[in-house]
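Q: Structure incoming, see below.
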Amino acid sequence: MSKEFEKLMNAHEVDDRDYVNDREAVTDRIKEEFANADEFLAYLGRDVAAEKAFFDYSGNRPYPFGVVPVRKSVRLYVKKYTATQRPYYHSHSFYEIIFVQNGKCGFFHYPSGERYAIDRGSACVVAPGSVHALERAGKRDVILKAVVPTEIFDGIFLEGDKVRKGEIAVFENVGDKAHSYFQNFVAENGKDMPLSRISERGWLTLFLAELYREKDERGGDIVEKLDIYFENNLKNARLCDFAAYVGYNPDYVSRVIKRYTGKSFREAVEIEKLAYAKVLLSTTDMSVERVSAECGYANSSGFYKQFTATYGITPARYRKARKKS
């Protein structure tokens, strides 16, 4: 971390620390940054608990507001997610890129409150409409948030190529090239010079293109390894074990499998188990109960029901039909 970058990060921390202690300044920021500011402030005025939760910057978990604030921006900028900020559920009218320079960044899903996190060297693209909250940052966490207005993001990606509305796309273990592009983007951002504004968009474009290129390459590799994993672990296949096998976070692996195959990990396991069951029924004299156990089913009744629902024929009748053919 360069001294210039460290100085900038410290300045962001100081600015936020001063700002959160001024309720009037916070209210002014709401009016400036929230697309539904009037509705949200009116809601806070009616709900004492919600108002207390919003202006209390010591909280560690997001409060489920009755009105979800929607942040807006027409300006492209990068800012540190400071340790002063507390988690609160919100969405955006813009795209947000989160890059974890150091430490980790935790997210809370809305409305379930489920938490997940990305580690150092990882990034995510938060699309408009995604309701979420960021976990409070620790003192050693360096989390950068780039606000990208929709028209700028849409100018980079063709329709259908960008992250879907309401989605958070995660990119784990970003490669050196993408990391370098993002650092150059940060370095150019905020400079009041025409060429810098052109340059920052260029670096942002290269960063996003490299992110998605890496994701495509890694995704294909993960799906290829799924077949190998099933060959050796079908009976006791579990998402967490497969994720450890390929070296990625289970949530990320689950999303990759769904994206590339159109099926969840559980659905993929079920398809493989039933296909293996057909092989055993056709080529061995194992009882249906033994076939069920060999394929990893806890009980034969569950296997019987699933096989019949999938193929429209019972295991016994399938075996009989195969022998006749």
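By order of appearance in the structure tokens: chains A, B, ..., then residues from 1 within every chain, and ligands from 1 in the order shown.
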Using only C-alpha atoms, determine which residues lie at most 9 Å from range 134-144 of chain A, disregarding the query and same-chain residues fewer than 4 positions distant; provide the list as a PyMOL selection string.
A: chain A and resi 9+59-62+78-89+97-108+115+117+120
Q: If we count only C-alpha atoms and set the cut-off at 10 Å, which residues sit around range 313-320 of chain A, ignoring sequence neighbours fewer than 6 positions away in its own chain? Please answer as a PyMOL selection string.
A: chain A and resi 277-285+287-288+291-292+303-307
Q: Go ahead and dump the residues you just picked, N, CA and C atoms, as a compact mmCIF listing (two decimals), in the first residue's frame.
A:
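Now in again-v4.txt:
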```
# COMPACT_ATOMS: atom_id res chain seq x y z
N ALA A 277 -27.98 -45.29 -10.94
CA ALA A 277 -28.95 -46.33 -10.57
C ALA A 277 -29.42 -47.08 -11.81
N LYS A 278 -29.63 -46.37 -12.90
CA LYS A 278 -30.05 -47.03 -14.14
C LYS A 278 -28.98 -48.00 -14.63
N VAL A 279 -27.72 -47.61 -14.50
CA VAL A 279 -26.63 -48.49 -14.90
C VAL A 279 -26.62 -49.76 -14.05
N LEU A 280 -26.75 -49.60 -12.73
CA LEU A 280 -26.74 -50.75 -11.83
C LEU A 280 -27.93 -51.66 -12.06
N LEU A 281 -29.09 -51.08 -12.30
CA LEU A 281 -30.28 -51.89 -12.55
C LEU A 281 -30.16 -52.67 -13.85
N SER A 282 -29.45 -52.09 -14.82
CA SER A 282 -29.32 -52.72 -16.14
C SER A 282 -28.21 -53.76 -16.20
N THR A 283 -27.18 -53.59 -15.39
CA THR A 283 -25.98 -54.43 -15.54
C THR A 283 -25.68 -55.35 -14.37
N THR A 284 -26.46 -55.24 -13.28
CA THR A 284 -26.20 -56.11 -12.12
C THR A 284 -27.51 -56.75 -11.65
N ASP A 285 -27.35 -57.69 -10.73
CA ASP A 285 -28.52 -58.34 -10.11
C ASP A 285 -28.76 -57.82 -8.70
N SER A 287 -30.29 -56.04 -5.57
CA SER A 287 -31.67 -55.71 -5.22
C SER A 287 -31.87 -54.21 -5.32
N VAL A 288 -33.12 -53.80 -5.43
CA VAL A 288 -33.42 -52.37 -5.49
C VAL A 288 -32.90 -51.68 -4.24
N VAL A 291 -29.16 -51.22 -4.65
CA VAL A 291 -28.90 -50.16 -5.63
C VAL A 291 -29.11 -48.80 -4.96
N SER A 292 -30.18 -48.70 -4.21
CA SER A 292 -30.48 -47.46 -3.50
C SER A 292 -29.32 -47.06 -2.59
N PHE A 303 -35.60 -43.38 -2.75
CA PHE A 303 -35.05 -43.69 -4.07
C PHE A 303 -36.16 -44.13 -5.02
N TYR A 304 -37.00 -45.03 -4.55
CA TYR A 304 -38.10 -45.56 -5.37
C TYR A 304 -39.00 -44.42 -5.86
N LYS A 305 -39.33 -43.52 -4.95
CA LYS A 305 -40.21 -42.41 -5.28
C LYS A 305 -39.56 -41.47 -6.29
N GLN A 306 -38.28 -41.15 -6.08
CA GLN A 306 -37.58 -40.22 -6.96
C GLN A 306 -37.36 -40.82 -8.35
N PHE A 307 -37.00 -42.08 -8.40
CA PHE A 307 -36.77 -42.75 -9.68
C PHE A 307 -38.06 -42.78 -10.49
```
Q: Name the residues of range 99-283 of chain A that come out as alpha helix (DSSP H) in a backbone DSSP run; write them as a ChimeraX atom specification.
A: /A:150-156,176-188,194-233,239-246,250-261,265-283
Q: Residues within 7 Å of range 202-205 of chain A, please, as number ranges by chain. Count only C-alpha atoms; anything in the same chain fewer than 6 positions from it doesn't count.
A: A: 156, 181-182, 184-185
Q: Report as a PyMOL selection string: the residues of range 96-304 of chain A with a DSSP assignment of strand (DSSP E), based on the backbone of this structure.
A: chain A and resi 96-102+104-109+115-119+123-126+132-134+142-148+168-171
Q: What lies within 12 Å of Glu267 in chain A using only C-alpha atoms, ignoring chain neighbours under 4 positions off, as a ChimeraX atom specification?
A: /A:237-239,254,257-258,261-263,271-274,306,310
Q: Which is closer to Ser73 in chain A than all the others in A:Ala11, A:Ile152, A:Cys124, A:Ala133, using only C-alpha atoms?
A: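 Smallest separation from Ser73 in chain A among the options: A:Ile152.
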Q: Find the distance between CA of Asp221 in chain A and CA of Asp176 in chain A and write it in Å to one decimal.
A: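 Rounded to one decimal, the two atoms are 18.9 Å apart.
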Q: Between A:Gly247, A:Gly121, A:Gly66, A:Pro128, which is the closest to Lys177 in chain A once you count only C-alpha atoms?
A: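 Among A:Gly247, A:Gly121, A:Gly66, A:Pro128, it is A:Gly121 that comes nearest to Lys177 in chain A.
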Q: At a cut-off of 10 Å, using only C-alpha atoms, what residues contact Leu226 in chain A? Leave out same-chain residues fewer than 4 positions from it and give the result as number ranges by chain.
A: A: 221-222, 230-231, 242-243, 245-246, 257, 265, 268-269
Q: Check the smallest atom-to-atom distance from each of A:Glu24, A:Val125, A:Arg201, A:Gln183 to Gly155 in chain A using only C-alpha atoms, then report the winner.
A: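 Result for the nearest residue to Gly155 in chain A: A:Arg201.
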